[in-house]
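Working notes for the structure below.
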Amino acid sequence: MSKVKVKRLKLKEPFVSICRIIGIICVAIFVLFLFYRFEILSVSRLGYSEDASKSILFKFKKKYVKSVPYTKTLNAAFESDDYNEKYLSKYSGIDYYKDKKLIKAINILLDKKYSTNEINLILSRGSIDDAILFSKKDKIVYLEEYLEYDFARIRLFDQYVDYGNDTGSTTYDTVVYVNLGINNPEYTNPTIVDKFDKNMLVNKHFKLEKDFKVPDLVKIDKKFTDEDNIMMNKEAYEQYIKMSDDLEKNGLGIYITTAYRSYDEQKELCDYFKKLYGDEYVKKFVAQPGFSEHQTGLAIDIASVRKNTFASSKEYKWMIKNAYKYGYILRYKKEYQEETGFKSEAWHYRYVGVDIAKDIHNKEMSYEEYYATKIFK
Ligand code: ZN
């Protein structure tokens, strides 16, 4: 009996020790895992994402991140495959933008020896792709010369330099004019406008395509116009009615002579005037198809019910004082001719919404300048 027992024990021993070893390994792995989770937790508590925290531990940078304040850019650097150890101390000082190529762009700009302040300036004046393209140029020493304006765009930097050198304009005028494409001849290299917005710009440098659609085109009631079947944007029309009513309360009266004009209608108009007065006249006074503000459905030409010359009417004076309260601005003034590309037109009004109209009224600037400095992206 006892012999058998001994034999059984002998059989059991290796099995038990294997189990023991496996057990110890399991416990060790579990303890290591707990430790690892604890370490991730201690890093992510600082604000870092799970991926960034893992990367921080993997790169042995826990001590470093504990010594500096958390920033989104540093987090992005640890999350990114573009992380570069050499620039670790720089990432924190650079502003964050949500873009997968942010760290790549920062690295290239740092390679070009731009300071963190300069990089922040570059990144704030365009997209990350623009910044990457910009970084391919030779290093620019006087960045602030044009980029000090928050409406300057790095993708246009070379054009600012060329236009500034060619014309000797102030840096402000240079940035405004280049943003507006005025450094190109009229109707040349226009910006294509494809999105309707009451703040949109259409002129000899900002073009609408033939198939551009104006939303909410409504027919203008016969009460407000001498034309049959003319249309305009609904919001602009509703505001026009309020304005017209208030004019009437003051014993005055206006009516609409032109509102929405399609691309094809503008083409017909151009051809008509070409036959009558020739190319030069049309070039000066009639917008080419796609370049007329009337194609937006937001522009109207108006007339006084009592006087033939609108510019000398009481209605004109009332409009100059009050139109902005209804969201309308006088679009082509004599003093803005260089920016608008049009001579003074006392009758041409444009709906831009009450907020912008008020702002322009207070600032006394052309819509072109307003657009170039406040809306242009
Ligand atoms: Zn007009």
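In the structure tokens, chains take the letters A, B, ... in the order shown, each chain's residues start at 1, and ligands count up from 1 in the order shown.
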Can you work out which residues are within 7 Å of ligand 1, considering only C-alpha atoms and all ligand atoms, and then hand them over as an mmCIF file with C-alpha atoms, in the first residue's frame?
```cif
data_model
loop_
_atom_site.group_PDB
_atom_site.id
_atom_site.type_symbol
_atom_site.label_atom_id
_atom_site.label_comp_id
_atom_site.auth_asym_id
_atom_site.auth_seq_id
_atom_site.Cartn_x
_atom_site.Cartn_y
_atom_site.Cartn_z
ATOM 1 C CA THR A 258 -33.799 95.704 -61.163
ATOM 2 C CA HIS A 294 -27.483 91.075 -59.256
ATOM 3 C CA ALA A 299 -28.811 93.423 -54.981
ATOM 4 C CA ILE A 300 -31.434 95.896 -56.139
ATOM 5 C CA ASP A 301 -31.530 99.059 -58.191
ATOM 6 C CA HIS A 348 -27.588 100.220 -56.404
#
```
DSSP strand (DSSP E) residues within stretch 116-363 of chain A, as a PDB file with N, CA and C atoms, in the first residue's frame:
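Output below, filename part_15.pdb:
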```pdb
ATOM      1  N   THR A 191     -11.693  84.562 -58.037  1.00  0.00           N
ATOM      2  CA  THR A 191     -12.048  83.555 -57.033  1.00  0.00           C
ATOM      3  C   THR A 191     -13.454  83.072 -57.382  1.00  0.00           C
ATOM      4  N   ILE A 192     -13.657  81.761 -57.413  1.00  0.00           N
ATOM      5  CA  ILE A 192     -14.988  81.245 -57.735  1.00  0.00           C
ATOM      6  C   ILE A 192     -15.828  81.188 -56.452  1.00  0.00           C
ATOM      7  N   VAL A 193     -16.980  81.820 -56.500  1.00  0.00           N
ATOM      8  CA  VAL A 193     -17.882  81.829 -55.342  1.00  0.00           C
ATOM      9  C   VAL A 193     -18.979  80.810 -55.620  1.00  0.00           C
ATOM     10  N   PHE A 206     -14.451  88.278 -57.985  1.00  0.00           N
ATOM     11  CA  PHE A 206     -15.134  87.164 -57.310  1.00  0.00           C
ATOM     12  C   PHE A 206     -16.335  86.778 -58.163  1.00  0.00           C
ATOM     13  N   LYS A 207     -16.244  85.581 -58.725  1.00  0.00           N
ATOM     14  CA  LYS A 207     -17.172  85.203 -59.795  1.00  0.00           C
ATOM     15  C   LYS A 207     -18.159  84.094 -59.409  1.00  0.00           C
ATOM     16  N   LEU A 208     -19.382  84.247 -59.922  1.00  0.00           N
ATOM     17  CA  LEU A 208     -20.386  83.192 -59.778  1.00  0.00           C
ATOM     18  C   LEU A 208     -20.433  82.377 -61.067  1.00  0.00           C
ATOM     19  N   LEU A 217     -35.699  82.366 -53.864  1.00  0.00           N
ATOM     20  CA  LEU A 217     -36.024  83.473 -54.772  1.00  0.00           C
ATOM     21  C   LEU A 217     -37.540  83.657 -54.761  1.00  0.00           C
ATOM     22  N   VAL A 218     -37.987  84.874 -54.513  1.00  0.00           N
ATOM     23  CA  VAL A 218     -39.439  85.125 -54.514  1.00  0.00           C
ATOM     24  C   VAL A 218     -39.764  86.247 -55.501  1.00  0.00           C
ATOM     25  N   LYS A 219     -40.997  86.200 -55.990  1.00  0.00           N
ATOM     26  CA  LYS A 219     -41.421  87.220 -56.949  1.00  0.00           C
ATOM     27  C   LYS A 219     -41.738  88.521 -56.199  1.00  0.00           C
ATOM     28  N   MET A 231     -37.489  88.948 -59.497  1.00  0.00           N
ATOM     29  CA  MET A 231     -37.354  88.166 -58.263  1.00  0.00           C
ATOM     30  C   MET A 231     -36.158  88.658 -57.435  1.00  0.00           C
ATOM     31  N   MET A 232     -36.206  88.281 -56.174  1.00  0.00           N
ATOM     32  CA  MET A 232     -35.041  88.512 -55.301  1.00  0.00           C
ATOM     33  C   MET A 232     -35.100  87.542 -54.121  1.00  0.00           C
ATOM     34  N   ASN A 233     -34.045  87.500 -53.337  1.00  0.00           N
ATOM     35  CA  ASN A 233     -33.978  86.619 -52.173  1.00  0.00           C
ATOM     36  C   ASN A 233     -35.034  87.032 -51.146  1.00  0.00           C
ATOM     37  N   ILE A 254     -40.012 104.734 -52.850  1.00  0.00           N
ATOM     38  CA  ILE A 254     -39.059 104.164 -53.813  1.00  0.00           C
ATOM     39  C   ILE A 254     -39.677 102.932 -54.446  1.00  0.00           C
ATOM     40  N   TYR A 255     -39.131 102.504 -55.572  1.00  0.00           N
ATOM     41  CA  TYR A 255     -39.522 101.234 -56.165  1.00  0.00           C
ATOM     42  C   TYR A 255     -38.308 100.562 -56.795  1.00  0.00           C
ATOM     43  N   ILE A 256     -38.431  99.277 -57.008  1.00  0.00           N
ATOM     44  CA  ILE A 256     -37.301  98.484 -57.522  1.00  0.00           C
ATOM     45  C   ILE A 256     -37.353  98.444 -59.046  1.00  0.00           C
ATOM     46  N   THR A 257     -36.221  98.767 -59.675  1.00  0.00           N
ATOM     47  CA  THR A 257     -36.174  98.703 -61.143  1.00  0.00           C
ATOM     48  C   THR A 257     -35.468  97.440 -61.626  1.00  0.00           C
ATOM     49  N   THR A 258     -34.511  96.945 -60.819  1.00  0.00           N
ATOM     50  CA  THR A 258     -33.799  95.704 -61.163  1.00  0.00           C
ATOM     51  C   THR A 258     -33.533  94.943 -59.870  1.00  0.00           C
ATOM     52  N   ALA A 299     -29.054  92.042 -54.542  1.00  0.00           N
ATOM     53  CA  ALA A 299     -28.811  93.423 -54.981  1.00  0.00           C
ATOM     54  C   ALA A 299     -30.035  93.969 -55.699  1.00  0.00           C
ATOM     55  N   ILE A 300     -30.308  95.246 -55.455  1.00  0.00           N
ATOM     56  CA  ILE A 300     -31.434  95.896 -56.139  1.00  0.00           C
ATOM     57  C   ILE A 300     -31.017  97.270 -56.647  1.00  0.00           C
ATOM     58  N   ASP A 301     -31.636  97.674 -57.745  1.00  0.00           N
ATOM     59  CA  ASP A 301     -31.530  99.059 -58.191  1.00  0.00           C
ATOM     60  C   ASP A 301     -32.870  99.703 -57.867  1.00  0.00           C
ATOM     61  N   ILE A 302     -32.824 100.901 -57.304  1.00  0.00           N
ATOM     62  CA  ILE A 302     -34.073 101.549 -56.917  1.00  0.00           C
ATOM     63  C   ILE A 302     -34.225 102.919 -57.567  1.00  0.00           C
ATOM     64  N   ALA A 303     -35.435 103.417 -57.560  1.00  0.00           N
ATOM     65  CA  ALA A 303     -35.709 104.747 -58.109  1.00  0.00           C
ATOM     66  C   ALA A 303     -36.685 105.450 -57.183  1.00  0.00           C
ATOM     67  N   SER A 304     -36.696 106.781 -57.293  1.00  0.00           N
ATOM     68  CA  SER A 304     -37.627 107.582 -56.499  1.00  0.00           C
ATOM     69  C   SER A 304     -38.953 107.667 -57.245  1.00  0.00           C
ATOM     70  N   TYR A 328     -29.358  97.019 -45.514  1.00  0.00           N
ATOM     71  CA  TYR A 328     -28.926  97.406 -46.871  1.00  0.00           C
ATOM     72  C   TYR A 328     -27.768  98.408 -46.834  1.00  0.00           C
ATOM     73  N   ILE A 329     -26.876  98.275 -47.807  1.00  0.00           N
ATOM     74  CA  ILE A 329     -25.780  99.254 -47.934  1.00  0.00           C
ATOM     75  C   ILE A 329     -25.730  99.793 -49.363  1.00  0.00           C
ATOM     76  N   LEU A 330     -25.330 101.069 -49.466  1.00  0.00           N
ATOM     77  CA  LEU A 330     -25.063 101.656 -50.779  1.00  0.00           C
ATOM     78  C   LEU A 330     -23.736 101.061 -51.232  1.00  0.00           C
ATOM     79  N   ARG A 331     -23.752 100.395 -52.360  1.00  0.00           N
ATOM     80  CA  ARG A 331     -22.620  99.542 -52.721  1.00  0.00           C
ATOM     81  C   ARG A 331     -21.488 100.274 -53.447  1.00  0.00           C
ATOM     82  N   TYR A 332     -21.842 101.168 -54.364  1.00  0.00           N
ATOM     83  CA  TYR A 332     -20.795 101.811 -55.179  1.00  0.00           C
ATOM     84  C   TYR A 332     -20.746 103.314 -54.940  1.00  0.00           C
ATOM     85  N   GLU A 345     -22.787 104.634 -58.044  1.00  0.00           N
ATOM     86  CA  GLU A 345     -24.146 104.277 -58.487  1.00  0.00           C
ATOM     87  C   GLU A 345     -25.080 104.535 -57.318  1.00  0.00           C
ATOM     88  N   ALA A 346     -25.763 105.660 -57.340  1.00  0.00           N
ATOM     89  CA  ALA A 346     -26.594 106.074 -56.199  1.00  0.00           C
ATOM     90  C   ALA A 346     -27.772 105.126 -55.974  1.00  0.00           C
ATOM     91  N   TRP A 347     -28.132 104.367 -56.990  1.00  0.00           N
ATOM     92  CA  TRP A 347     -29.349 103.546 -56.974  1.00  0.00           C
ATOM     93  C   TRP A 347     -29.129 102.076 -56.623  1.00  0.00           C
ATOM     94  N   HIS A 348     -27.861 101.656 -56.584  1.00  0.00           N
ATOM     95  CA  HIS A 348     -27.588 100.220 -56.404  1.00  0.00           C
ATOM     96  C   HIS A 348     -27.368  99.897 -54.922  1.00  0.00           C
ATOM     97  N   TYR A 349     -28.302  99.172 -54.350  1.00  0.00           N
ATOM     98  CA  TYR A 349     -28.207  98.760 -52.949  1.00  0.00           C
ATOM     99  C   TYR A 349     -28.038  97.258 -52.839  1.00  0.00           C
ATOM    100  N   ARG A 350     -27.399  96.859 -51.752  1.00  0.00           N
ATOM    101  CA  ARG A 350     -27.107  95.445 -51.557  1.00  0.00           C
ATOM    102  C   ARG A 350     -27.518  95.041 -50.141  1.00  0.00           C
ATOM    103  N   TYR A 351     -28.223  93.917 -50.045  1.00  0.00           N
ATOM    104  CA  TYR A 351     -28.603  93.403 -48.727  1.00  0.00           C
ATOM    105  C   TYR A 351     -27.468  92.547 -48.170  1.00  0.00           C
TER     106      TYR A 351
END
```
| task | Run DSSP on the backbone and give me the residues of stretch 134-224 of chain A it puts in helix (DSSP H, G or I), as a PyMOL selection string. | result | chain A and resi 134+144-147+154-167+171-179+222-224
Output file for the residues above (C-alpha atoms, as an mmCIF file, in the first residue's frame):
```
data_model
loop_
_atom_site.group_PDB
_atom_site.id
_atom_site.type_symbol
_atom_site.label_atom_id
_atom_site.label_comp_id
_atom_site.auth_asym_id
_atom_site.auth_seq_id
_atom_site.Cartn_x
_atom_site.Cartn_y
_atom_site.Cartn_z
ATOM 1 C CA PHE A 134 4.763 77.826 -46.768
ATOM 2 C CA GLU A 144 5.214 90.350 -39.329
ATOM 3 C CA GLU A 145 5.485 92.825 -42.181
ATOM 4 C CA TYR A 146 2.294 91.426 -43.702
ATOM 5 C CA LEU A 147 1.193 88.730 -41.269
ATOM 6 C CA ILE A 154 0.121 82.848 -45.684
ATOM 7 C CA ARG A 155 -0.922 81.277 -48.995
ATOM 8 C CA LEU A 156 -0.870 84.823 -50.451
ATOM 9 C CA PHE A 157 2.434 85.847 -48.852
ATOM 10 C CA ASP A 158 4.421 85.984 -52.117
ATOM 11 C CA GLN A 159 1.682 88.082 -53.724
ATOM 12 C CA TYR A 160 1.775 90.546 -50.796
ATOM 13 C CA VAL A 161 5.536 90.919 -51.253
ATOM 14 C CA ASP A 162 5.255 91.361 -55.045
ATOM 15 C CA TYR A 163 2.339 93.794 -54.887
ATOM 16 C CA GLY A 164 3.919 95.770 -52.031
ATOM 17 C CA ASN A 165 7.215 96.069 -53.925
ATOM 18 C CA ASP A 166 5.549 96.914 -57.251
ATOM 19 C CA THR A 167 3.175 99.595 -55.965
ATOM 20 C CA THR A 171 1.183 96.966 -45.904
ATOM 21 C CA TYR A 172 -2.492 97.341 -44.889
ATOM 22 C CA ASP A 173 -3.579 98.325 -48.406
ATOM 23 C CA THR A 174 -1.393 95.605 -49.884
ATOM 24 C CA VAL A 175 -2.997 92.861 -47.810
ATOM 25 C CA VAL A 176 -6.519 94.207 -48.476
ATOM 26 C CA TYR A 177 -5.942 94.553 -52.237
ATOM 27 C CA VAL A 178 -4.303 91.154 -52.652
ATOM 28 C CA ASN A 179 -7.064 89.492 -50.599
ATOM 29 C CA LYS A 222 -46.199 94.731 -58.390
ATOM 30 C CA LYS A 223 -46.631 97.248 -55.560
ATOM 31 C CA PHE A 224 -42.826 97.489 -55.196
#
```
| Residues near stretch 44-60 of chain A, cut-off 12 Å, only C-alpha atoms, skip fewer than 4 positions along chain, as a PyMOL selection string | chain A and resi 35-40+64-81+83-85+88
| note | A straight line from atom CA of A:Gly93 to atom CA of A:Lys112 spans 16.8 Å
| field | Point-to-point distance from atom CA of A:Pro289 to atom CA of A:Gln266, Å rounded to tenths | value |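 According to the coordinates, atom CA of A:Pro289 and atom CA of A:Gln266 are separated by 5.2 Å.
The shell of residues at most 10 Å from A:Ser262, with only C-alpha atoms counted and near chain neighbours (fewer than 5 positions) removed, consists of Lys210, Asp211, Phe212, Lys213, Val214, Lys267, Glu268, Pro289, Gly290, Ser292, His294, Gln295, Thr296 and Gly297 of chain A.
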| said: Between atom CA of A:Ile29 and atom CA of A:Leu41, what is the distance in Å, rounded to a tenth? | reply: 17.9 Å
Write out as a PDB file with N, CA and C atoms, in the first residue's frame each polymer residue whose atoms come within 12 Å of A:Val305, counting only C-alpha atoms; drop sequence neighbours fewer than 4 positions from it.
```pdb
ATOM      1  N   LYS A 223     -46.598  96.030 -56.372  1.00  0.00           N
ATOM      2  CA  LYS A 223     -46.631  97.248 -55.560  1.00  0.00           C
ATOM      3  C   LYS A 223     -45.237  97.867 -55.382  1.00  0.00           C
ATOM      4  N   PHE A 224     -44.178  97.011 -55.498  1.00  0.00           N
ATOM      5  CA  PHE A 224     -42.826  97.489 -55.196  1.00  0.00           C
ATOM      6  C   PHE A 224     -41.928  97.652 -56.413  1.00  0.00           C
ATOM      7  N   THR A 225     -42.478  97.402 -57.601  1.00  0.00           N
ATOM      8  CA  THR A 225     -41.626  97.467 -58.794  1.00  0.00           C
ATOM      9  C   THR A 225     -42.420  97.884 -60.036  1.00  0.00           C
ATOM     10  N   ASP A 226     -41.685  98.427 -61.011  1.00  0.00           N
ATOM     11  CA  ASP A 226     -42.335  98.780 -62.277  1.00  0.00           C
ATOM     12  C   ASP A 226     -42.121  97.681 -63.317  1.00  0.00           C
ATOM     13  N   SER A 244     -39.353 100.097 -47.211  1.00  0.00           N
ATOM     14  CA  SER A 244     -40.244 100.839 -48.103  1.00  0.00           C
ATOM     15  C   SER A 244     -41.432 101.411 -47.315  1.00  0.00           C
ATOM     16  N   LEU A 247     -40.275 104.401 -45.356  1.00  0.00           N
ATOM     17  CA  LEU A 247     -40.106 105.537 -46.268  1.00  0.00           C
ATOM     18  C   LEU A 247     -41.452 106.212 -46.494  1.00  0.00           C
ATOM     19  N   GLU A 248     -42.468 105.384 -46.728  1.00  0.00           N
ATOM     20  CA  GLU A 248     -43.819 105.909 -46.975  1.00  0.00           C
ATOM     21  C   GLU A 248     -44.332 106.696 -45.790  1.00  0.00           C
ATOM     22  N   GLY A 251     -43.514 110.123 -45.928  1.00  0.00           N
ATOM     23  CA  GLY A 251     -43.996 110.823 -47.112  1.00  0.00           C
ATOM     24  C   GLY A 251     -43.117 110.642 -48.341  1.00  0.00           C
ATOM     25  N   LEU A 252     -42.284 109.577 -48.330  1.00  0.00           N
ATOM     26  CA  LEU A 252     -41.375 109.327 -49.461  1.00  0.00           C
ATOM     27  C   LEU A 252     -41.739 108.010 -50.138  1.00  0.00           C
ATOM     28  N   GLY A 253     -41.116 107.745 -51.266  1.00  0.00           N
ATOM     29  CA  GLY A 253     -41.420 106.477 -51.927  1.00  0.00           C
ATOM     30  C   GLY A 253     -40.339 106.034 -52.901  1.00  0.00           C
ATOM     31  N   ILE A 254     -40.012 104.734 -52.850  1.00  0.00           N
ATOM     32  CA  ILE A 254     -39.059 104.164 -53.813  1.00  0.00           C
ATOM     33  C   ILE A 254     -39.677 102.932 -54.446  1.00  0.00           C
ATOM     34  N   TYR A 255     -39.131 102.504 -55.572  1.00  0.00           N
ATOM     35  CA  TYR A 255     -39.522 101.234 -56.165  1.00  0.00           C
ATOM     36  C   TYR A 255     -38.308 100.562 -56.795  1.00  0.00           C
ATOM     37  N   ILE A 256     -38.431  99.277 -57.008  1.00  0.00           N
ATOM     38  CA  ILE A 256     -37.301  98.484 -57.522  1.00  0.00           C
ATOM     39  C   ILE A 256     -37.353  98.444 -59.046  1.00  0.00           C
ATOM     40  N   THR A 257     -36.221  98.767 -59.675  1.00  0.00           N
ATOM     41  CA  THR A 257     -36.174  98.703 -61.143  1.00  0.00           C
ATOM     42  C   THR A 257     -35.468  97.440 -61.626  1.00  0.00           C
ATOM     43  N   THR A 309     -33.810 111.829 -61.185  1.00  0.00           N
ATOM     44  CA  THR A 309     -32.428 111.583 -60.776  1.00  0.00           C
ATOM     45  C   THR A 309     -32.426 111.183 -59.307  1.00  0.00           C
ATOM     46  N   PHE A 310     -32.131 109.913 -59.083  1.00  0.00           N
ATOM     47  CA  PHE A 310     -32.213 109.403 -57.716  1.00  0.00           C
ATOM     48  C   PHE A 310     -31.252 110.124 -56.778  1.00  0.00           C
ATOM     49  N   SER A 313     -32.586 113.082 -55.012  1.00  0.00           N
ATOM     50  CA  SER A 313     -33.921 112.945 -54.410  1.00  0.00           C
ATOM     51  C   SER A 313     -33.854 112.902 -52.886  1.00  0.00           C
ATOM     52  N   LYS A 314     -34.998 113.195 -52.263  1.00  0.00           N
ATOM     53  CA  LYS A 314     -35.100 113.085 -50.803  1.00  0.00           C
ATOM     54  C   LYS A 314     -34.968 111.617 -50.373  1.00  0.00           C
ATOM     55  N   GLU A 315     -35.432 110.729 -51.255  1.00  0.00           N
ATOM     56  CA  GLU A 315     -35.347 109.298 -50.966  1.00  0.00           C
ATOM     57  C   GLU A 315     -33.884 108.848 -50.823  1.00  0.00           C
ATOM     58  N   TYR A 316     -33.055 109.390 -51.706  1.00  0.00           N
ATOM     59  CA  TYR A 316     -31.620 109.065 -51.656  1.00  0.00           C
ATOM     60  C   TYR A 316     -31.054 109.460 -50.295  1.00  0.00           C
TER      61      TYR A 316
END
```
| field | Nearest residue to A:Ile241 from the set A:Asp221, A:Leu143, A:Val354, A:Ile108 (distances using only C-alpha atoms) | value | A:Asp221
